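Next comes run-v4.pdb, with PDB, N, CA and C atoms.
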ATOM      1  N   ASN M 171       0.828  -1.199   0.000
ATOM      2  CA  ASN M 171       0.000   0.000   0.000
ATOM      3  C   ASN M 171       0.868   1.257   0.000
ATOM      4  N   GLY M 172       0.238   2.415  -0.006
ATOM      5  CA  GLY M 172       0.961   3.674  -0.088
ATOM      6  C   GLY M 172       1.850   3.945   1.111
ATOM      7  N   ARG M 173       1.408   3.538   2.282
ATOM      8  CA  ARG M 173       2.234   3.744   3.476
ATOM      9  C   ARG M 173       3.509   2.923   3.402
ATOM     10  N   GLU M 174       3.408   1.708   2.899
ATOM     11  CA  GLU M 174       4.599   0.871   2.757
ATOM     12  C   GLU M 174       5.558   1.461   1.732
ATOM     13  N   ALA M 175       5.021   2.048   0.675
ATOM     14  CA  ALA M 175       5.877   2.702  -0.319
ATOM     15  C   ALA M 175       6.625   3.868   0.326
ATOM     16  N   SER M 176       5.941   4.647   1.148
ATOM     17  CA  SER M 176       6.591   5.750   1.850
ATOM     18  C   SER M 176       7.599   5.238   2.867
ATOM     19  N   ALA M 177       7.277   4.145   3.522
ATOM     20  CA  ALA M 177       8.185   3.577   4.517
ATOM     21  C   ALA M 177       9.464   3.069   3.867
ATOM     22  N   ASN M 178       9.362   2.542   2.656
ATOM     23  CA  ASN M 178      10.554   2.052   1.965
ATOM     24  C   ASN M 178      11.521   3.177   1.624
ATOM     25  N   ILE M 179      11.018   4.381   1.513
ATOM     26  CA  ILE M 179      11.875   5.533   1.239
ATOM     27  C   ILE M 179      12.291   6.202   2.548
ATOM     28  N   GLY M 180      11.620   5.864   3.636
ATOM     29  CA  GLY M 180      11.966   6.428   4.938
ATOM     30  C   GLY M 180      11.222   7.707   5.237
ATOM     31  N   LEU M 181       9.941   7.760   4.887
ATOM     32  CA  LEU M 181       9.156   8.983   5.058
ATOM     33  C   LEU M 181       8.071   8.879   6.120
ATOM     34  N   THR M 182       7.844   7.712   6.653
ATOM     35  CA  THR M 182       6.774   7.565   7.637
ATOM     36  C   THR M 182       7.340   7.749   9.044
ATOM     37  N   PRO M 183       6.574   8.354   9.933
ATOM     38  CA  PRO M 183       7.080   8.557  11.291
ATOM     39  C   PRO M 183       7.093   7.261  12.096
ATOM     40  N   LYS M 184       8.074   7.170  12.979
ATOM     41  CA  LYS M 184       8.137   6.026  13.889
ATOM     42  C   LYS M 184       7.039   6.188  14.928
ATOM     43  N   GLN M 185       6.458   5.081  15.329
ATOM     44  CA  GLN M 185       5.420   5.120  16.353
ATOM     45  C   GLN M 185       5.900   4.357  17.578
ATOM     46  N   HIS M 186       5.761   4.988  18.725
ATOM     47  CA  HIS M 186       6.091   4.363  19.995
ATOM     48  C   HIS M 186       4.822   4.356  20.831
ATOM     49  N   SER M 187       4.488   3.211  21.387
ATOM     50  CA  SER M 187       3.296   3.153  22.222
ATOM     51  C   SER M 187       3.612   2.389  23.493
ATOM     52  N   SER M 188       3.065   2.896  24.589
ATOM     53  CA  SER M 188       3.253   2.255  25.878
ATOM     54  C   SER M 188       2.116   2.697  26.786
ATOM     55  N   GLY M 189       1.522   1.757  27.461
ATOM     56  CA  GLY M 189       0.455   2.092  28.388
ATOM     57  C   GLY M 189      -0.753   2.705  27.715
ATOM     58  N   GLY M 190      -1.020   2.325  26.496
ATOM     59  CA  GLY M 190      -2.177   2.843  25.786
ATOM     60  C   GLY M 190      -1.966   4.206  25.152
ATOM     61  N   LYS M 191      -0.772   4.780  25.308
ATOM     62  CA  LYS M 191      -0.481   6.082  24.711
ATOM     63  C   LYS M 191       0.387   5.879  23.477
ATOM     64  N   GLU M 192      -0.001   6.539  22.402
ATOM     65  CA  GLU M 192       0.786   6.460  21.175
ATOM     66  C   GLU M 192       1.562   7.754  20.993
ATOM     67  N   ARG M 193       2.829   7.606  20.680
ATOM     68  CA  ARG M 193       3.668   8.764  20.399
ATOM     69  C   ARG M 193       4.226   8.609  18.994
ATOM     70  N   ILE M 194       4.113   9.653  18.211
ATOM     71  CA  ILE M 194       4.652   9.640  16.857
ATOM     72  C   ILE M 194       5.943  10.441  16.871
ATOM     73  N   GLY M 195       7.019   9.803  16.427
ATOM     74  CA  GLY M 195       8.332  10.428  16.474
ATOM     75  C   GLY M 195       8.792  10.943  15.130
ATOM     76  N   HIS M 196      10.092  10.858  14.914
ATOM     77  CA  HIS M 196      10.717  11.341  13.685
ATOM     78  C   HIS M 196      10.524  10.332  12.561
ATOM     79  N   ILE M 197      10.860  10.739  11.346
ATOM     80  CA  ILE M 197      10.730   9.822  10.216
ATOM     81  C   ILE M 197      11.719   8.676  10.382
ATOM     82  N   SER M 198      11.315   7.524   9.895
ATOM     83  CA  SER M 198      12.150   6.328  10.017
ATOM     84  C   SER M 198      13.069   6.231   8.806
ATOM     85  N   LYS M 199      14.337   6.536   9.011
ATOM     86  CA  LYS M 199      15.289   6.548   7.904
ATOM     87  C   LYS M 199      15.963   5.191   7.709
ATOM     88  N   ARG M 200      15.750   4.295   8.618
ATOM     89  CA  ARG M 200      16.418   2.998   8.565
ATOM     90  C   ARG M 200      15.858   2.142   7.430
ATOM     91  N   ASN M 201      16.727   1.372   6.803
ATOM     92  CA  ASN M 201      16.347   0.488   5.693
ATOM     93  C   ASN M 201      15.630   1.254   4.591
ATOM     94  N   ALA M 202      16.133   2.426   4.281
ATOM     95  CA  ALA M 202      15.451   3.268   3.302
ATOM     96  C   ALA M 202      16.398   3.629   2.164
ATOM     97  N   ASP M 203      15.818   4.027   1.067
ATOM     98  CA  ASP M 203      16.581   4.486  -0.084
ATOM     99  C   ASP M 203      16.940   5.955   0.140
ATOM    100  N   LYS M 204      18.130   6.193   0.671
ATOM    101  CA  LYS M 204      18.538   7.543   1.062
ATOM    102  C   LYS M 204      18.649   8.484  -0.129
ATOM    103  N   ARG M 205      19.148   7.971  -1.221
ATOM    104  CA  ARG M 205      19.348   8.816  -2.394
ATOM    105  C   ARG M 205      18.006   9.306  -2.961
ATOM    106  N   LEU M 206      17.048   8.403  -3.074
ATOM    107  CA  LEU M 206      15.733   8.786  -3.585
ATOM    108  C   LEU M 206      15.050   9.769  -2.645
ATOM    109  N   ARG M 207      15.140   9.510  -1.334
ATOM    110  CA  ARG M 207      14.534  10.424  -0.362
ATOM    111  C   ARG M 207      15.165  11.812  -0.464
ATOM    112  N   SER M 208      16.475  11.861  -0.635
ATOM    113  CA  SER M 208      17.180  13.134  -0.747
ATOM    114  C   SER M 208      16.755  13.905  -1.995
ATOM    115  N   ILE M 209      16.648  13.209  -3.118
ATOM    116  CA  ILE M 209      16.236  13.864  -4.366
ATOM    117  C   ILE M 209      14.811  14.398  -4.251
ATOM    118  N   LEU M 210      13.910  13.589  -3.700
ATOM    119  CA  LEU M 210      12.521  14.027  -3.539
ATOM    120  C   LEU M 210      12.422  15.202  -2.565
ATOM    121  N   PHE M 211      13.229  15.159  -1.498
ATOM    122  CA  PHE M 211      13.232  16.234  -0.508
ATOM    123  C   PHE M 211      13.705  17.545  -1.136
ATOM    124  N   GLN M 212      14.753  17.491  -1.936
ATOM    125  CA  GLN M 212      15.255  18.698  -2.600
ATOM    126  C   GLN M 212      14.211  19.266  -3.559
ATOM    127  N   GLY M 213      13.510  18.382  -4.257
ATOM    128  CA  GLY M 213      12.441  18.835  -5.141
ATOM    129  C   GLY M 213      11.309  19.495  -4.377
ATOM    130  N   ALA M 214      10.971  18.926  -3.223
ATOM    131  CA  ALA M 214       9.904  19.501  -2.400
ATOM    132  C   ALA M 214      10.303  20.874  -1.871
ATOM    133  N   LEU M 215      11.561  21.038  -1.483
ATOM    134  CA  LEU M 215      12.023  22.352  -1.028
ATOM    135  C   LEU M 215      11.940  23.379  -2.152
ATOM    136  N   SER M 216      12.208  22.950  -3.364
ATOM    137  CA  SER M 216      12.089  23.842  -4.514
ATOM    138  C   SER M 216      10.635  24.264  -4.730
ATOM    139  N   VAL M 217       9.724  23.313  -4.612
ATOM    140  CA  VAL M 217       8.296  23.625  -4.743
ATOM    141  C   VAL M 217       7.870  24.594  -3.644
ATOM    142  N   ILE M 218       8.331  24.352  -2.431
ATOM    143  CA  ILE M 218       7.970  25.204  -1.300
ATOM    144  C   ILE M 218       8.460  26.628  -1.514
ATOM    145  N   SER M 219       9.687  26.781  -1.996
ATOM    146  CA  SER M 219      10.208  28.137  -2.197
ATOM    147  C   SER M 219       9.415  28.896  -3.258
ATOM    148  N   SER M 220       8.891  28.195  -4.256
ATOM    149  CA  SER M 220       8.085  28.889  -5.266
ATOM    150  C   SER M 220       6.659  29.146  -4.779
ATOM    151  N   VAL M 221       6.117  28.259  -3.963
ATOM    152  CA  VAL M 221       4.749  28.429  -3.456
ATOM    153  C   VAL M 221       4.679  29.580  -2.455
ATOM    154  N   ILE M 222       5.722  29.761  -1.675
ATOM    155  CA  ILE M 222       5.736  30.817  -0.661
ATOM    156  C   ILE M 222       5.645  32.201  -1.304
ATOM    157  N   LYS M 223       6.235  32.352  -2.476
ATOM    158  CA  LYS M 223       6.354  33.669  -3.109
ATOM    159  C   LYS M 223       5.082  34.156  -3.784
ATOM    160  N   ARG M 224       4.117  33.286  -3.999
ATOM    161  CA  ARG M 224       2.915  33.684  -4.733
ATOM    162  C   ARG M 224       1.666  33.200  -4.000
ATOM    163  N   PRO M 225       0.506  33.743  -4.372
ATOM    164  CA  PRO M 225      -0.732  33.261  -3.756
ATOM    165  C   PRO M 225      -1.022  31.817  -4.173
ATOM    166  N   ALA M 226      -1.695  31.100  -3.306
ATOM    167  CA  ALA M 226      -2.013  29.691  -3.574
ATOM    168  C   ALA M 226      -2.989  29.580  -4.733
ATOM    169  N   ARG M 227      -2.684  28.674  -5.659
ATOM    170  CA  ARG M 227      -3.535  28.475  -6.837
ATOM    171  C   ARG M 227      -4.463  27.279  -6.688
ATOM    172  N   THR M 228      -4.043  26.296  -5.926
ATOM    173  CA  THR M 228      -4.827  25.070  -5.784
ATOM    174  C   THR M 228      -5.053  24.771  -4.305
ATOM    175  N   THR M 229      -5.916  23.816  -4.040
ATOM    176  CA  THR M 229      -6.146  23.414  -2.649
ATOM    177  C   THR M 229      -4.903  22.761  -2.061
ATOM    178  N   LYS M 230      -4.125  22.082  -2.894
ATOM    179  CA  LYS M 230      -2.885  21.473  -2.403
ATOM    180  C   LYS M 230      -1.891  22.553  -1.979
ATOM    181  N   GLU M 231      -1.822  23.640  -2.727
ATOM    182  CA  GLU M 231      -0.937  24.742  -2.352
ATOM    183  C   GLU M 231      -1.435  25.438  -1.089
ATOM    184  N   GLN M 232      -2.744  25.555  -0.918
ATOM    185  CA  GLN M 232      -3.296  26.120   0.320
ATOM    186  C   GLN M 232      -2.914  25.248   1.506
ATOM    187  N   TRP M 233      -3.040  23.930   1.339
ATOM    188  CA  TRP M 233      -2.656  22.987   2.389
ATOM    189  C   TRP M 233      -1.178  23.141   2.727
ATOM    190  N   LEU M 234      -0.352  23.261   1.696
ATOM    191  CA  LEU M 234       1.089  23.367   1.892
ATOM    192  C   LEU M 234       1.457  24.664   2.607
ATOM    193  N   LYS M 235       0.842  25.773   2.219
ATOM    194  CA  LYS M 235       1.131  27.055   2.873
ATOM    195  C   LYS M 235       0.733  27.024   4.349
ATOM    196  N   ALA M 236      -0.424  26.453   4.637
ATOM    197  CA  ALA M 236      -0.869  26.360   6.033
ATOM    198  C   ALA M 236       0.077  25.478   6.840
ATOM    199  N   LEU M 237       0.536  24.393   6.239
ATOM    200  CA  LEU M 237       1.461  23.491   6.928
ATOM    201  C   LEU M 237       2.801  24.172   7.182
ATOM    202  N   ILE M 238       3.277  24.945   6.231
ATOM    203  CA  ILE M 238       4.538  25.673   6.402
ATOM    204  C   ILE M 238       4.429  26.649   7.566
ATOM    205  N   GLU M 239       3.312  27.347   7.668
ATOM    206  CA  GLU M 239       3.124  28.294   8.768
ATOM    207  C   GLU M 239       3.066  27.585  10.115
ATOM    208  N   ARG M 240       2.431  26.417  10.153
ATOM    209  CA  ARG M 240       2.299  25.682  11.409
ATOM    210  C   ARG M 240       3.585  24.987  11.829
ATOM    211  N   ARG M 241       4.251  24.313  10.886
ATOM    212  CA  ARG M 241       5.334  23.406  11.249
ATOM    213  C   ARG M 241       6.712  23.772  10.715
ATOM    214  N   GLY M 242       6.796  24.625   9.713
ATOM    215  CA  GLY M 242       8.090  24.986   9.146
ATOM    216  C   GLY M 242       8.322  24.331   7.793
ATOM    217  N   LYS M 243       9.357  24.814   7.101
ATOM    218  CA  LYS M 243       9.601  24.381   5.731
ATOM    219  C   LYS M 243      10.038  22.924   5.627
ATOM    220  N   LYS M 244      10.920  22.486   6.509
ATOM    221  CA  LYS M 244      11.466  21.134   6.365
ATOM    222  C   LYS M 244      10.433  20.058   6.681
ATOM    223  N   VAL M 245       9.628  20.282   7.690
ATOM    224  CA  VAL M 245       8.567  19.322   8.012
ATOM    225  C   VAL M 245       7.538  19.299   6.888
ATOM    226  N   ALA M 246       7.230  20.474   6.354
ATOM    227  CA  ALA M 246       6.289  20.548   5.234
ATOM    228  C   ALA M 246       6.856  19.851   4.002
ATOM    229  N   ALA M 247       8.162  19.945   3.799
ATOM    230  CA  ALA M 247       8.787  19.277   2.652
ATOM    231  C   ALA M 247       8.658  17.763   2.776
ATOM    232  N   ILE M 248       8.882  17.225   3.964
ATOM    233  CA  ILE M 248       8.730  15.780   4.172
ATOM    234  C   ILE M 248       7.278  15.372   3.963
ATOM    235  N   ALA M 249       6.340  16.180   4.447
ATOM    236  CA  ALA M 249       4.921  15.867   4.256
ATOM    237  C   ALA M 249       4.549  15.898   2.776
ATOM    238  N   LEU M 250       5.105  16.849   2.039
ATOM    239  CA  LEU M 250       4.838  16.941   0.603
ATOM    240  C   LEU M 250       5.418  15.740  -0.139
ATOM    241  N   VAL M 251       6.623  15.334   0.224
ATOM    242  CA  VAL M 251       7.232  14.153  -0.403
ATOM    243  C   VAL M 251       6.408  12.913  -0.087
ATOM    244  N   ASN M 252       5.974  12.785   1.157
ATOM    245  CA  ASN M 252       5.155  11.640   1.562
ATOM    246  C   ASN M 252       3.867  11.594   0.744
ATOM    247  N   LYS M 253       3.218  12.747   0.599
ATOM    248  CA  LYS M 253       1.979  12.813  -0.178
ATOM    249  C   LYS M 253       2.241  12.487  -1.645
ATOM    250  N   THR M 254       3.361  12.959  -2.173
ATOM    251  CA  THR M 254       3.707  12.705  -3.570
ATOM    252  C   THR M 254       3.958  11.223  -3.818
ATOM    253  N   VAL M 255       4.687  10.582  -2.913
ATOM    254  CA  VAL M 255       4.983   9.148  -3.069
ATOM    255  C   VAL M 255       3.703   8.328  -2.988
ATOM    256  N   ARG M 256       2.841   8.659  -2.044
ATOM    257  CA  ARG M 256       1.584   7.918  -1.913
ATOM    258  C   ARG M 256       0.688   8.123  -3.134
ATOM    259  N   THR M 257       0.677   9.346  -3.669
ATOM    260  CA  THR M 257      -0.101   9.627  -4.877
ATOM    261  C   THR M 257       0.452   8.852  -6.064
ATOM    262  N   ALA M 258       1.772   8.851  -6.203
ATOM    263  CA  ALA M 258       2.399   8.120  -7.308
ATOM    264  C   ALA M 258       2.109   6.629  -7.205
ATOM    265  N   TYR M 259       2.153   6.087  -5.995
ATOM    266  CA  TYR M 259       1.846   4.667  -5.800
ATOM    267  C   TYR M 259       0.402   4.372  -6.215
ATOM    268  N   ALA M 260      -0.518   5.227  -5.795
ATOM    269  CA  ALA M 260      -1.931   5.013  -6.131
ATOM    270  C   ALA M 260      -2.161   5.101  -7.638
ATOM    271  N   LEU M 261      -1.474   6.030  -8.300
ATOM    272  CA  LEU M 261      -1.618   6.158  -9.751
ATOM    273  C   LEU M 261      -1.073   4.931 -10.475
ATOM    274  N   LEU M 262       0.069   4.438 -10.016
ATOM    275  CA  LEU M 262       0.648   3.245 -10.643
ATOM    276  C   LEU M 262      -0.225   2.018 -10.409
ATOM    277  N   LYS M 263      -0.759   1.906  -9.202
ATOM    278  CA  LYS M 263      -1.576   0.736  -8.869
ATOM    279  C   LYS M 263      -2.891   0.732  -9.649
ATOM    280  N   SER M 264      -3.513   1.896  -9.778
ATOM    281  CA  SER M 264      -4.810   1.963 -10.463
ATOM    282  C   SER M 264      -4.671   2.199 -11.964
ATOM    283  N   ASN M 265      -3.433   2.418 -12.418
ATOM    284  CA  ASN M 265      -3.161   2.656 -13.837
ATOM    285  C   ASN M 265      -4.011   3.810 -14.377
ATOM    286  N   SER M 266      -4.016   4.920 -13.633
ATOM    287  CA  SER M 266      -4.814   6.078 -14.030
ATOM    288  C   SER M 266      -3.922   7.305 -14.176
ATOM    289  N   GLU M 267      -4.513   8.388 -14.666
ATOM    290  CA  GLU M 267      -3.780   9.632 -14.863
ATOM    291  C   GLU M 267      -3.926  10.537 -13.646
ATOM    292  N   TYR M 268      -2.952  11.410 -13.478
ATOM    293  CA  TYR M 268      -2.951  12.367 -12.375
ATOM    294  C   TYR M 268      -4.045  13.409 -12.586
ATOM    295  N   GLN M 269      -4.851  13.631 -11.560
ATOM    296  CA  GLN M 269      -5.908  14.641 -11.592
ATOM    297  C   GLN M 269      -5.744  15.535 -10.363
ATOM    298  N   PRO M 270      -5.125  16.706 -10.526
ATOM    299  CA  PRO M 270      -4.805  17.540  -9.365
ATOM    300  C   PRO M 270      -6.022  18.021  -8.587
ATOM    301  N   GLN M 271      -7.165  18.130  -9.218
ATOM    302  CA  GLN M 271      -8.350  18.618  -8.501
ATOM    303  C   GLN M 271      -8.840  17.625  -7.446
ATOM    304  N   LEU M 272      -8.413  16.370  -7.512
ATOM    305  CA  LEU M 272      -8.837  15.377  -6.528
ATOM    306  C   LEU M 272      -8.011  15.429  -5.250
ATOM    307  N   LEU M 273      -6.857  16.090  -5.280
ATOM    308  CA  LEU M 273      -5.985  16.154  -4.110
ATOM    309  C   LEU M 273      -6.341  17.338  -3.238
ATOM    310  N   ALA M 274      -6.167  17.150  -1.943
ATOM    311  CA  ALA M 274      -6.399  18.253  -1.005
ATOM    312  C   ALA M 274      -5.079  18.789  -0.520
TER     313      ALA M 274
END
Show me this structure written as structure tokens.
Amino acid sequence: NGREASANIGLTPKQHSSGGKERIGHISKRNADKRLRSILFQGALSVISSVIKRPARTTKEQWLKALIERRGKKVAAIALVNKTVRTAYALLKSNSEYQPQLLA
């Protein structure tokens, strides 16, 4: 599934649970394709730098701008890469074309 695809690149957060409490930590970089994650991360930072400079055109850009304000550029970049990988996995699995209006 899409989460496993993200996990293979090292984009999903580690989860720690004890006593019924779940804690979500940093991204799990272990057993991951570091080079691919790095390339995708650099691309996401490039997208972020261009989105910041202009008004949001799509709902995805609105989501990204709000996330940048809440969490910062680097966390938003990882979230964008994670969303991109999951979207790409879904497109490959369903053998369909990308439709940006369906993304939030």
The PyMOL selection byres (((chain M and resi 210-213 and name CA) around 12) and name CA) - which residues does that actually catch in the file I just gave you? List them as number ranges by chain. M: 176, 179-181, 203-209, 214-220, 243-255
Please define a box with edges along x, y and z of the file around all atoms of stretch 233-241 of chain M given in the file, extend it by 5 Å on each side, and return its centre and edge lengths in Å to one decimal, as lines of an AutoDock Vina configuration file.
center_x = 1.8
center_y = 25.6
center_z = 6.6
size_x = 19.8
size_y = 15.3
size_z = 20.5
Write out as a PyMOL selection string all residues of chain M that DSSP puts in strand (DSSP E) for this structure's backbone. chain M and resi 183-188+191-197
Atom N of M:Asn171 and atom CA of M:Gly190, how far apart in Å? 26.3 Å
Radius query 8 Å about (-4.8, 20.6, -9.7), atoms used: all atoms listed in the file, as a ChimeraX atom specification: /M:227-230,268-273
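The space separating atom CA of M:Leu237 from atom CA of M:Ser188 comes to 28.5 Å.
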note - atom CA of M:Arg241 and atom CA of M:Gly195 are separated by 14.3 Å
